[in-house]
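Engineer: Sending over a structure as structure tokens; questions will come in a sec.
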There are 2 protein chains.
Amino acid sequence: MPNVSIRDVARQAGVSVGTVSNVLNRPDEVSADSVTRVQQAIDDLGYVRNEAARKLRAGVSATVGFVVLNGQNPFFNEVVRGAEDEATARGIAILYGNTDENRTREDMYIDLFEEHQVRGLLIAPFGDVNNRLSRLKHRGIPAVLVDRYSGENRFSSVSVDNISGGRMAVEHLIATGRTRIAFVGGPFEMRQMTDRLAGARVAVEDAPGVSLEVVATSAMSVEEGIAAGARLMARPARERPDALFAGNDLIALGLLQQLVVGGRMLVPDEIALIGFDDISFAAAAAVPLSSMRQPSTTIGKTALRILLEEAGDTEAIPRQTVFQPELVARRSTSPTG
Amino acid sequence: MPNVSIRDVARQAGVSVGTVSNVLNRPDEVSADSVTRVQQAIDDLGYVRNEAARKLRAGVSATVGFVVLNGQNPFFNEVVRGAEDEATARGIAILYGNTDENRTREDMYIDLFEEHQVRGLLIAPFGDVNNRLSRLKHRGIPAVLVDRYSGENRFSSVSVDNISGGRMAVEHLIATGRTRIAFVGGPFEMRQMTDRLAGARVAVEDAPGVSLEVVATSAMSVEEGIAAGARLMARPARERPDALFAGNDLIALGLLQQLVVGGRMLVPDEIALIGFDDISFAAAAAVPLSSMRQPSTTIGKTALRILLEEAGDTEAIPRQTVFQPELVARRSTSPTG
DNA sequence: TGAACTCCATGAATCGATTCAGGAGAACTT
DNA sequence: AAGTTCTCCTGAATCGATTCATGGAGTTCA
């Protein structure tokens with residue numbers, strides 16, 4: 001029995017379509033008798049509400065878009081997971097798009113989700129999306145930036161204090177006796193990276209006798225970490241840093257491989273290593289990886305909650321939610337000796 | 001300028017709404033002049049098509065649902081990525097749901113996506129979803145099973161030959177000189193796991209003098225791999241297997257950690273290790289991990305393509321697409337000595 | 001010239017849920 | 001008993017894109 005509409009339910013239950021709609025949307029304004037009759041009819045006919053019609057008429061969508069910049073990074077999957085939980089608890093579905101750090105794809109998804117009349121957009125942006133998002137806002141589609149602080153205050157955002165995180169990571173390295181530190185990360189168009197590096201610089205400036213060098217990567221991936229690790233290992237042992245702060249855990253895992261491959265196990269005695277994000281693979285690495293934990297699912301949950309609030313109130317004032325990252329010290333940064 | 005409708009475009013361009021619709025959907029049936037005038041009006045007004053209205057009237061949806069059983073497993077993210085590419089090329093958006101191997105969530109997502117009138121459903125199922133999917137099919141919503149062979153032939157499926165994969169993995173272990181093999185995996189409600197184990201059994205039966213033991217895990221996760229690894233390492237060295245075949249790469253990575261932790265580096269000399277899926281973390285592990293590669297993005301692409309074909313033709317005969325996994329031998333299974 | 005075709009444009013009807021003005025009937029007031 | 005208030009229900013109008021029967025204008029051909 002395909003295509004059971006509210007009209008069929010109304011007929012079956014012997015009430016009007018308006019009543020059926022009320023049973024569905026505000027059952028307390030309907031007599032108990034009608035509610036049970038309509039429920040019965042719904043079960044008998046196997047009625048399923050048509051979201052398209054609902055969206056069209058009510059103008060309110062039960063869909064939220066989530067545009068993620070790297071679907072291969074477990075961190076973002078955890079953020080999505082948090083948003084998902086919060087969404088499904090409200091009967092909202094998530095349209096998912098992975099841009100793979102590609103501006104064209106990013107634009108494409110924003111447009112696509114606009115066509116789909118999403119209730120709002122969560123986005124971990126890669127490029128500069130302010131103009132596009134402003135346009136959406138104009139049309140009543142709010143956006144919340146995820147994992148990216150919105151400096152201009154045009155949009156709400158949920159992120160982590162990357163500067164402070166970078167500082168804490170390097171302070172930890174220094175506290176455990178390291179002095180020749182390298183930051184391995186990039187690309188530096190990404191705000192996350194520049195902030196983490198800036199934090200690292202602060203920590204180093206406060207510590208006399210500690211140096212910081214920068215090893216740039218072109219992506220935040222395991223592969224780039226491996227490549228950077230190979231470059232470091234190509235140096236004479238004397239010229240290598242004694243501690244590495246990786247821009248994120250993927251890079252850190254790549255580095256780690258190069259530092260332990262072939263059983264040489266330089267970590268942690270000769271070189272300490274700390275990452276960022278604390279993805280679940282970090283704890284499970286060959287040498288359990290120290291990392292700066294981001295509250296990933298909480299970020300997702302919070303972002304979704306803020307988004308829905310703003311969807312209800314177009315005049316809402318953008319607010320920036322910033323969590324503090326937390327140092328998770330594991331074996332990869334055990335003190336030397 | 002919120003809420004620009006096709007009617008506004010028609011007025012602006014000096015044509016009827018029917019013509020605007022035709023420009024949008026079959027421009028070749030419209031005069032070149034009208035096309036440019038309408039295009040101009042669309043640009044001027046910033047018109048964006050309303051998917052809800054389109055879906056309601058045309059009954060055709062530009063949305064596909066993808067229900068995944070473990071959003072934390074990079075393998076599934078790669079499958080999603082494949083489907084995504086294929087979908088966006090056609091202007092189709094993906095509703096994403098992660099069930100986390102939980103039947104309630106699985107049911108919930110199927111219902112939710114039905115309400116959303118998806119054009120079809122891709123699902124990597126956990127529980128028995130045949131009845132629910134049949135219901136959808138009745139309503140004109142086809143489903144394609146992903147990473148799961150559909151024995152009954154009620155639905156199309158795209159998967160990998162797990163039996164053959166299991167056999168190849170163990171044959172490889174045997175060929176590299178191992179004789180005391182353990183399969184580490186579970187839960188065995190999952191068809192993937194039983195098939196891989198069955199394949200392993202076949203390989204062992206053909207090889208005199210080779211034994212196979214089963215170490216059960218309660219999930220296909222890194223954590224379970226670590227736990228199983230700890231149990232194995234608690235045994236006296238003599239009683240340990242000399243080769244491990246992990247049910248998937250997450251389990252393998254967990255095992256690997258326990259086998260190399262503290263610099264003891266048992267892999268590959270004392271114990272060989274092979275996983276399944278060949279996720280990108282496998283190649284980047286401390287000891288690069290041998291694995292049975294699944295063509296993950298191809299699986300996603302193929303599944304989506306079949307789904308769309310079936311959405312166009314309700315009488316389509318279900319077809320089972322089975323790929324062969326491919327052995328990727330890395331250091332973790334180098335021959336001993 | 002007129003019949004037969006093409007080519008295109010028109011605009012009302014339609015999809016299904018929601019909304020809301022209007023009203024029936026019961027209950028309560030005075 | 002008449003007026004007032006409540007509680008529920010009704011059903012037509014509506015959202016915006018698509019469809020399709022209708023028909024006007026221009027071509028071709030006999």
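Ordering of the structure tokens sets the chain letters (A, B, ...), residue numbers begin anew at 1 in every chain, and ligands are numbered from 1 in the order given.
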Which residues in region 84-302 of chain A does DSSP call strand (DSSP E)? List them as a count of residues only.

Structural biologist: 45

Engineer: Any chance you could dump chain A, least-squares fitted to chain B on all C-alpha atoms in order, as a short mmCIF file (atom, residue, chain, number, x, y, z; two decimals) with C-alpha atoms, in the first residue's frame?

Structural biologist:
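Generated output (superposed16.cif):
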```cif
data_model
loop_
_atom_site.label_atom_id
_atom_site.label_comp_id
_atom_site.auth_asym_id
_atom_site.auth_seq_id
_atom_site.Cartn_x
_atom_site.Cartn_y
_atom_site.Cartn_z
CA MET A 1 15.49 38.60 -0.54
CA PRO A 2 14.25 35.44 0.98
CA ASN A 3 11.69 33.19 -0.65
CA VAL A 4 12.11 33.77 -4.32
CA SER A 5 9.83 31.34 -6.06
CA ILE A 6 9.53 30.13 -9.58
CA ARG A 7 6.63 32.52 -9.93
CA ASP A 8 8.83 35.51 -9.22
CA VAL A 9 11.32 34.30 -11.76
CA ALA A 10 8.56 33.89 -14.32
CA ARG A 11 7.32 37.42 -13.75
CA GLN A 12 10.82 38.88 -13.95
CA ALA A 13 11.58 37.02 -17.16
CA GLY A 14 8.20 37.73 -18.65
CA VAL A 15 7.28 34.09 -19.19
CA SER A 16 5.02 31.57 -17.52
CA VAL A 17 5.91 29.35 -14.63
CA GLY A 18 5.73 26.34 -16.90
CA THR A 19 8.45 27.77 -19.05
CA VAL A 20 10.69 28.42 -16.09
CA SER A 21 10.23 24.87 -14.96
CA ASN A 22 11.10 23.68 -18.43
CA VAL A 23 14.23 25.78 -18.53
CA LEU A 24 15.24 24.14 -15.28
CA ASN A 25 14.42 20.59 -16.24
CA ARG A 26 14.48 20.23 -20.00
CA PRO A 27 16.14 23.26 -21.52
CA ASP A 28 16.25 21.69 -24.98
CA GLU A 29 12.49 21.98 -25.29
CA VAL A 30 12.63 25.70 -24.78
CA SER A 31 13.75 28.41 -27.19
CA ALA A 32 17.24 29.71 -26.68
CA ASP A 33 15.82 33.16 -26.08
CA SER A 34 13.66 32.01 -23.20
CA VAL A 35 16.51 30.09 -21.68
CA THR A 36 18.76 33.12 -21.49
CA ARG A 37 15.99 35.36 -20.21
CA VAL A 38 15.08 32.90 -17.49
CA GLN A 39 18.70 32.31 -16.57
CA GLN A 40 19.16 36.03 -16.28
CA ALA A 41 16.15 36.36 -14.02
CA ILE A 42 17.37 33.49 -11.88
CA ASP A 43 20.71 35.17 -11.40
CA ASP A 44 19.17 38.57 -10.75
CA LEU A 45 16.82 37.30 -8.12
CA GLY A 46 19.13 34.71 -6.64
CA TYR A 47 16.55 32.02 -7.10
CA VAL A 48 17.21 28.64 -5.56
CA ARG A 49 15.02 25.70 -6.33
CA ASN A 50 12.88 24.41 -3.51
CA GLU A 51 13.65 20.73 -3.16
CA ALA A 52 10.66 20.11 -0.93
CA ALA A 53 8.18 21.33 -3.50
CA ARG A 54 9.95 19.49 -6.24
CA LYS A 55 9.96 16.28 -4.27
CA LEU A 56 6.33 16.64 -3.35
CA ARG A 57 5.04 17.22 -6.82
CA ALA A 58 7.39 15.16 -8.92
CA GLY A 59 7.51 12.43 -6.34
CA VAL A 60 11.18 12.11 -7.09
CA SER A 61 13.71 12.79 -4.43
CA ALA A 62 17.23 14.08 -4.75
CA THR A 63 18.21 12.45 -1.51
CA VAL A 64 19.60 9.07 -0.72
CA GLY A 65 20.00 7.60 2.73
CA PHE A 66 23.15 5.84 3.88
CA VAL A 67 22.96 3.87 7.09
CA VAL A 68 26.32 2.72 8.28
CA LEU A 69 26.96 0.30 11.08
CA ASN A 70 30.10 1.87 12.41
CA GLY A 71 30.91 5.46 11.62
CA GLN A 72 34.16 5.20 13.54
CA ASN A 73 35.57 2.62 11.15
CA PRO A 74 37.58 4.34 8.42
CA PHE A 75 36.57 1.61 6.01
CA PHE A 76 32.98 2.77 6.05
CA ASN A 77 34.02 6.36 5.69
CA GLU A 78 35.76 5.40 2.50
CA VAL A 79 32.67 3.62 1.26
CA VAL A 80 30.60 6.68 2.06
CA ARG A 81 33.13 8.78 0.24
CA GLY A 82 32.68 6.69 -2.88
CA ALA A 83 28.91 6.95 -2.72
CA GLU A 84 29.17 10.66 -2.08
CA ASP A 85 31.18 11.29 -5.22
CA GLU A 86 28.75 9.37 -7.31
CA ALA A 87 25.79 11.12 -5.70
CA THR A 88 26.95 14.70 -5.95
CA ALA A 89 27.82 14.22 -9.59
CA ARG A 90 24.08 13.81 -10.01
CA GLY A 91 23.03 16.57 -7.64
CA ILE A 92 21.94 14.10 -5.02
CA ALA A 93 22.54 14.66 -1.34
CA ILE A 94 23.19 11.98 1.25
CA LEU A 95 21.33 11.59 4.49
CA TYR A 96 23.78 9.94 6.82
CA GLY A 97 23.13 7.74 9.79
CA ASN A 98 25.51 5.82 11.98
CA THR A 99 23.92 2.98 13.91
CA ASP A 100 26.92 1.98 15.99
CA GLU A 101 25.89 -1.64 15.75
CA ASN A 102 22.70 -0.94 17.56
CA ARG A 103 19.38 -2.33 16.37
CA THR A 104 17.26 0.43 17.81
CA ARG A 105 19.24 3.09 16.04
CA GLU A 106 19.13 1.08 12.87
CA ASP A 107 15.35 0.86 12.93
CA MET A 108 15.09 4.51 13.85
CA TYR A 109 17.14 5.58 10.87
CA ILE A 110 15.24 3.43 8.43
CA ASP A 111 12.00 5.00 9.60
CA LEU A 112 13.42 8.49 9.61
CA PHE A 113 14.73 8.17 6.09
CA GLU A 114 11.43 6.78 4.93
CA GLU A 115 9.70 9.89 6.22
CA HIS A 116 12.20 11.88 4.29
CA GLN A 117 11.14 10.12 1.13
CA VAL A 118 14.65 9.20 0.14
CA ARG A 119 15.07 7.98 -3.37
CA GLY A 120 16.70 4.88 -2.02
CA LEU A 121 18.63 3.49 0.89
CA LEU A 122 22.17 2.24 1.12
CA ILE A 123 22.67 0.23 4.22
CA ALA A 124 25.51 -1.61 5.87
CA PRO A 125 23.20 -3.54 8.15
CA PHE A 126 23.80 -4.85 11.60
CA GLY A 127 20.61 -6.64 12.51
CA ASP A 128 18.11 -8.39 10.31
CA VAL A 129 16.58 -5.61 8.29
CA ASN A 130 14.82 -7.66 5.64
CA ASN A 131 11.32 -6.98 6.81
CA ARG A 132 11.82 -3.31 7.20
CA LEU A 133 13.47 -3.02 3.84
CA SER A 134 10.71 -5.00 2.18
CA ARG A 135 8.25 -2.51 3.51
CA LEU A 136 10.26 0.32 2.00
CA LYS A 137 10.44 -1.48 -1.29
CA HIS A 138 6.68 -1.74 -1.27
CA ARG A 139 6.52 1.98 -1.10
CA GLY A 140 8.87 2.38 -3.97
CA ILE A 141 12.03 2.96 -1.98
CA PRO A 142 14.70 0.49 -3.07
CA ALA A 143 17.59 -0.54 -0.86
CA VAL A 144 21.04 -1.84 -1.60
CA LEU A 145 22.98 -3.73 1.02
CA VAL A 146 26.55 -2.64 1.40
CA ASP A 147 29.34 -4.83 2.70
CA ARG A 148 26.86 -7.63 3.17
CA TYR A 149 25.89 -10.33 0.73
CA SER A 150 22.13 -10.67 0.42
CA GLY A 151 21.63 -14.39 0.34
CA GLU A 152 17.90 -14.33 -0.15
CA ASN A 153 18.08 -12.30 -3.27
CA ARG A 154 15.42 -9.91 -2.13
CA PHE A 155 17.74 -6.97 -2.43
CA SER A 156 20.75 -6.02 -4.41
CA SER A 157 24.01 -6.01 -2.58
CA VAL A 158 27.58 -4.92 -3.05
CA SER A 159 30.14 -6.70 -1.01
CA VAL A 160 33.39 -8.51 -0.97
CA ASP A 161 33.93 -12.24 -0.97
CA ASN A 162 34.81 -12.57 2.66
CA ILE A 163 35.23 -16.32 2.55
CA SER A 164 37.74 -16.09 -0.21
CA GLY A 165 39.39 -13.18 1.57
CA GLY A 166 39.71 -15.17 4.74
CA ARG A 167 41.18 -18.06 2.83
CA MET A 168 43.69 -15.87 1.02
CA ALA A 169 44.79 -14.21 4.24
CA VAL A 170 45.49 -17.50 5.96
CA GLU A 171 47.07 -19.04 2.87
CA HIS A 172 49.43 -16.11 2.90
CA LEU A 173 50.29 -16.73 6.53
CA ILE A 174 50.91 -20.38 5.79
CA ALA A 175 52.97 -19.58 2.71
CA THR A 176 55.23 -17.41 4.82
CA GLY A 177 55.93 -20.29 7.15
CA ARG A 178 53.39 -19.98 9.95
CA THR A 179 51.69 -22.99 11.45
CA ARG A 180 49.93 -21.98 14.67
CA ILE A 181 47.33 -19.52 13.51
CA ALA A 182 44.70 -17.67 15.50
CA PHE A 183 41.68 -15.87 14.15
CA VAL A 184 40.90 -12.88 16.32
CA GLY A 185 37.49 -11.43 15.65
CA GLY A 186 33.82 -11.14 16.38
CA PRO A 187 31.04 -10.73 17.12
CA PHE A 188 29.91 -13.75 15.19
CA GLU A 189 26.45 -12.44 14.62
CA MET A 190 28.10 -10.46 11.90
CA ARG A 191 28.16 -12.30 8.66
CA GLN A 192 31.43 -10.67 7.67
CA MET A 193 33.13 -12.29 10.63
CA THR A 194 31.74 -15.77 10.19
CA ASP A 195 32.65 -15.70 6.51
CA ARG A 196 36.20 -14.59 7.11
CA LEU A 197 36.59 -17.27 9.72
CA ALA A 198 35.07 -19.88 7.41
CA GLY A 199 37.60 -18.92 4.75
CA ALA A 200 40.38 -19.25 7.27
CA ARG A 201 39.18 -22.74 8.14
CA VAL A 202 39.25 -23.79 4.50
CA ALA A 203 42.85 -22.67 4.15
CA VAL A 204 43.88 -24.50 7.29
CA GLU A 205 42.15 -27.72 6.28
CA ASP A 206 44.13 -27.76 3.08
CA ALA A 207 47.40 -27.41 4.95
CA PRO A 208 48.55 -30.37 6.99
CA GLY A 209 50.24 -29.49 10.23
CA VAL A 210 48.65 -26.11 10.55
CA SER A 211 46.30 -25.35 13.42
CA LEU A 212 43.68 -22.68 13.81
CA GLU A 213 42.35 -21.32 17.04
CA VAL A 214 39.66 -18.71 17.51
CA VAL A 215 39.99 -15.77 19.85
CA ALA A 216 36.63 -14.08 20.08
CA THR A 217 36.10 -10.35 20.42
CA SER A 218 32.81 -8.69 21.20
CA ALA A 219 33.23 -5.87 18.73
CA MET A 220 35.29 -4.95 15.71
CA SER A 221 37.15 -2.20 17.47
CA VAL A 222 40.67 -1.19 18.38
CA GLU A 223 39.81 -1.55 22.04
CA GLU A 224 38.70 -5.13 21.60
CA GLY A 225 41.88 -5.81 19.67
CA ILE A 226 43.94 -4.48 22.52
CA ALA A 227 42.04 -6.60 25.00
CA ALA A 228 42.47 -9.73 22.91
CA GLY A 229 46.15 -8.92 22.45
CA ALA A 230 46.60 -8.60 26.19
CA ARG A 231 45.01 -11.99 26.70
CA LEU A 232 47.36 -13.55 24.18
CA MET A 233 50.40 -11.91 25.71
CA ALA A 234 49.42 -13.18 29.12
CA ARG A 235 50.17 -16.67 27.89
CA PRO A 236 53.61 -18.22 28.13
CA ALA A 237 55.53 -17.51 24.94
CA ARG A 238 55.46 -21.19 23.92
CA GLU A 239 51.69 -21.27 23.86
CA ARG A 240 51.18 -18.25 21.70
CA PRO A 241 50.19 -18.52 18.07
CA ASP A 242 52.85 -17.62 15.53
CA ALA A 243 50.35 -15.80 13.33
CA LEU A 244 47.22 -13.75 13.87
CA PHE A 245 44.48 -13.12 11.38
CA ALA A 246 42.39 -10.24 12.66
CA GLY A 247 38.75 -9.91 11.66
CA ASN A 248 39.37 -6.36 10.56
CA ASP A 249 42.06 -3.73 10.66
CA LEU A 250 40.81 -2.07 13.80
CA ILE A 251 41.23 -5.29 15.71
CA ALA A 252 44.59 -5.79 14.01
CA LEU A 253 45.82 -2.38 15.10
CA GLY A 254 44.79 -3.12 18.64
CA LEU A 255 46.62 -6.44 18.54
CA LEU A 256 49.66 -4.82 17.03
CA GLN A 257 49.90 -2.41 19.88
CA GLN A 258 50.04 -5.20 22.42
CA LEU A 259 52.64 -7.03 20.36
CA VAL A 260 55.05 -4.13 20.08
CA VAL A 261 54.37 -2.13 23.21
CA GLY A 262 57.34 -1.41 25.37
CA GLY A 263 59.64 -1.97 22.45
CA ARG A 264 59.25 -5.73 22.38
CA MET A 265 58.47 -5.81 18.67
CA LEU A 266 57.24 -9.35 18.31
CA VAL A 267 55.89 -8.55 14.85
CA PRO A 268 56.76 -9.94 12.39
CA ASP A 269 59.51 -12.25 13.56
CA GLU A 270 57.76 -14.12 16.31
CA ILE A 271 54.19 -13.41 15.34
CA ALA A 272 52.83 -12.46 11.96
CA LEU A 273 49.74 -10.30 11.75
CA ILE A 274 47.28 -9.66 8.99
CA GLY A 275 44.09 -7.60 9.04
CA PHE A 276 41.15 -7.01 6.77
CA ASP A 277 39.92 -3.88 4.92
CA ASP A 278 43.25 -2.19 4.33
CA ILE A 279 42.25 1.10 5.87
CA SER A 280 44.78 3.86 5.44
CA PHE A 281 45.98 3.50 9.01
CA ALA A 282 47.14 -0.02 8.21
CA ALA A 283 49.95 1.11 5.95
CA ALA A 284 50.94 3.72 8.48
CA ALA A 285 51.13 1.49 11.51
CA ALA A 286 54.30 1.11 13.52
CA VAL A 287 54.87 -2.12 11.69
CA PRO A 288 53.11 -1.63 8.36
CA LEU A 289 50.19 -3.96 8.43
CA SER A 290 49.40 -6.60 5.86
CA SER A 291 45.73 -6.64 5.04
CA MET A 292 43.06 -7.85 2.67
CA ARG A 293 42.12 -4.81 0.67
CA GLN A 294 38.50 -4.11 -0.08
CA PRO A 295 37.84 -1.70 -2.92
CA SER A 296 36.04 0.60 -0.53
CA THR A 297 35.27 3.64 -2.65
CA THR A 298 34.36 1.42 -5.58
CA ILE A 299 31.93 -0.41 -3.34
CA GLY A 300 30.30 2.88 -2.44
CA LYS A 301 30.16 4.09 -6.02
CA THR A 302 28.76 0.83 -7.31
CA ALA A 303 26.15 0.59 -4.61
CA LEU A 304 24.91 4.07 -5.34
CA ARG A 305 24.77 3.45 -9.04
CA ILE A 306 22.77 0.27 -8.62
CA LEU A 307 20.47 2.00 -6.18
CA LEU A 308 19.65 4.75 -8.64
CA GLU A 309 18.99 2.26 -11.39
CA GLU A 310 16.56 0.42 -9.19
CA ALA A 311 14.91 3.64 -8.15
CA GLY A 312 14.05 4.17 -11.79
CA ASP A 313 12.77 0.67 -12.35
CA THR A 314 10.74 -0.91 -9.58
CA GLU A 315 10.73 -4.27 -11.32
CA ALA A 316 14.50 -4.50 -11.43
CA ILE A 317 15.84 -7.89 -10.50
CA PRO A 318 18.11 -7.78 -7.45
CA ARG A 319 21.69 -8.47 -8.26
CA GLN A 320 24.57 -9.39 -6.04
CA THR A 321 27.84 -7.69 -6.85
CA VAL A 322 30.80 -9.36 -5.22
CA PHE A 323 34.31 -8.00 -5.43
CA GLN A 324 37.38 -10.03 -4.70
CA PRO A 325 39.56 -8.73 -1.92
CA GLU A 326 43.21 -8.34 -2.68
CA LEU A 327 46.15 -9.34 -0.55
CA VAL A 328 48.37 -6.43 0.41
CA ALA A 329 51.46 -7.91 1.98
CA ARG A 330 53.47 -5.57 4.15
CA ARG A 331 56.03 -5.94 6.84
CA SER A 332 53.75 -7.42 9.48
CA THR A 333 53.77 -10.72 7.61
CA SER A 334 57.35 -10.84 6.43
CA PRO A 335 58.64 -14.39 6.51
CA THR A 336 60.40 -15.37 9.70
CA GLY A 337 64.13 -15.58 9.83
#
```

Engineer: Extract, using only C-alpha atoms (C1' of nucleotides), all DNA, RNA and protein residues at most 12 Å from DG24 (chain D), discarding same-chain residues fewer than 3 positions from it, and format them as a list in words.

Structural biologist: DC7, DC8, DA9 and DT10 of chain C

Engineer: Create the file for the chosen residues now, containing N, CA and C atoms (P, O5', C5', C4', C3', O3' and C1' of nucleotides) and written as a compact mmCIF listing (two decimals), in the first residue's frame.

Structural biologist:
```
# COMPACT_ATOMS: atom_id res chain seq x y z
P DC C 7 10.00 20.41 -34.47
O5' DC C 7 9.74 21.81 -33.75
C5' DC C 7 9.63 23.00 -34.53
C4' DC C 7 9.40 24.17 -33.60
C3' DC C 7 9.96 23.97 -32.19
O3' DC C 7 10.58 25.19 -31.80
C1' DC C 7 7.67 24.49 -32.08
P DC C 8 11.59 25.21 -30.53
O5' DC C 8 10.77 26.09 -29.51
C5' DC C 8 9.39 26.09 -29.62
C4' DC C 8 8.80 27.28 -28.95
C3' DC C 8 9.08 27.35 -27.44
O3' DC C 8 9.08 28.70 -27.04
C1' DC C 8 6.80 26.74 -27.87
P DA C 9 9.37 29.09 -25.54
O5' DA C 9 7.89 29.45 -25.06
C5' DA C 9 7.17 30.46 -25.75
C4' DA C 9 5.80 30.60 -25.15
C3' DA C 9 5.80 30.74 -23.63
O3' DA C 9 4.98 31.84 -23.29
C1' DA C 9 4.39 28.94 -24.29
P DT C 10 4.73 32.22 -21.78
O5' DT C 10 3.32 31.54 -21.56
C5' DT C 10 2.23 31.88 -22.42
C4' DT C 10 0.98 31.17 -21.94
C3' DT C 10 0.71 31.32 -20.45
O3' DT C 10 -0.57 31.91 -20.28
C1' DT C 10 0.54 29.05 -21.13
```

Engineer: Report as a tab-separated table: every residue of chain D with an atom at most 10 Å from chain A, its closest pair of atoms, and their distance in Å to one decimal, counting only C-alpha atoms (C1' of nucleotides), with rows sorted by chain and ascending residue number.

Structural biologist:
```
residue	atom	partner	partner_atom	distance
D:DT7	C1'	A:Ser31	CA	8.6
D:DC8	C1'	A:Val30	CA	6.6
D:DC9	C1'	A:Thr19	CA	6.9
D:DT10	C1'	A:Ser16	CA	6.3
D:DG11	C1'	A:Ser16	CA	7.5
D:DT14	C1'	A:Arg57	CA	7.2
D:DC15	C1'	A:Arg57	CA	4.3
D:DG16	C1'	A:Leu56	CA	7.4
```

Engineer: Create the file for the chosen residues now, containing C-alpha atoms (C1' of nucleotides) and written as a compact mmCIF listing (two decimals), in the first residue's frame.

Structural biologist:
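Below is the file that was written, selection34.txt:
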```txt
# COMPACT_ATOMS: atom_id res chain seq x y z
C1' DT D 7 -13.37 22.31 24.03
C1' DC D 8 -12.95 20.19 19.70
C1' DC D 9 -13.54 19.63 15.08
C1' DT D 10 -13.97 21.01 10.18
C1' DG D 11 -12.43 21.88 5.56
C1' DT D 14 -1.82 27.49 1.08
C1' DC D 15 3.31 26.39 0.33
C1' DG D 16 6.31 26.05 -4.65
```

Engineer: Got a sec to pull out which chain C residues are within 10 Å of chain A, counting only C-alpha atoms (C1' of nucleotides), and send them as a PyMOL selection string?

Structural biologist: chain C and resi 15-19

Engineer: Go ahead and dump the residues you just picked, C-alpha atoms (C1' of nucleotides), as an mmCIF file, in the first residue's frame.

Structural biologist:
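In the end it all went to selection.cif:
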```cif
data_model
loop_
_atom_site.group_PDB
_atom_site.id
_atom_site.type_symbol
_atom_site.label_atom_id
_atom_site.label_comp_id
_atom_site.auth_asym_id
_atom_site.auth_seq_id
_atom_site.Cartn_x
_atom_site.Cartn_y
_atom_site.Cartn_z
ATOM 1 C "C1'" DC C 15 1.281 16.556 -4.782
ATOM 2 C "C1'" DG C 16 0.338 16.099 0.948
ATOM 3 C "C1'" DA C 17 0.674 18.400 5.356
ATOM 4 C "C1'" DT C 18 -0.395 22.521 7.910
ATOM 5 C "C1'" DT C 19 -2.964 26.448 9.260
#
```

Engineer: Where does DSSP see helix (DSSP H, G or I) in region 172-319 of chain B, if you list the residues as JSON, numbers by chain?

Structural biologist: {"B": [172, 173, 174, 175, 191, 192, 193, 194, 195, 196, 197, 198, 199, 200, 201, 202, 203, 204, 205, 222, 223, 224, 225, 226, 227, 228, 229, 230, 231, 232, 233, 237, 238, 239, 249, 250, 251, 252, 253, 254, 255, 256, 257, 258, 259, 260, 261, 262, 263, 280, 281, 282, 283, 296, 297, 298, 299, 300, 301, 302, 303, 304, 305, 306, 307, 308, 309, 310, 311, 312]}

Engineer: Using Å and a single decimal, report how far C1' of DT18 (chain D) sits from C1' of DC5 (chain C).

Structural biologist: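 We find that C1' of DC5 (chain C) and C1' of DT18 (chain D) lie 26.9 Å from each other.
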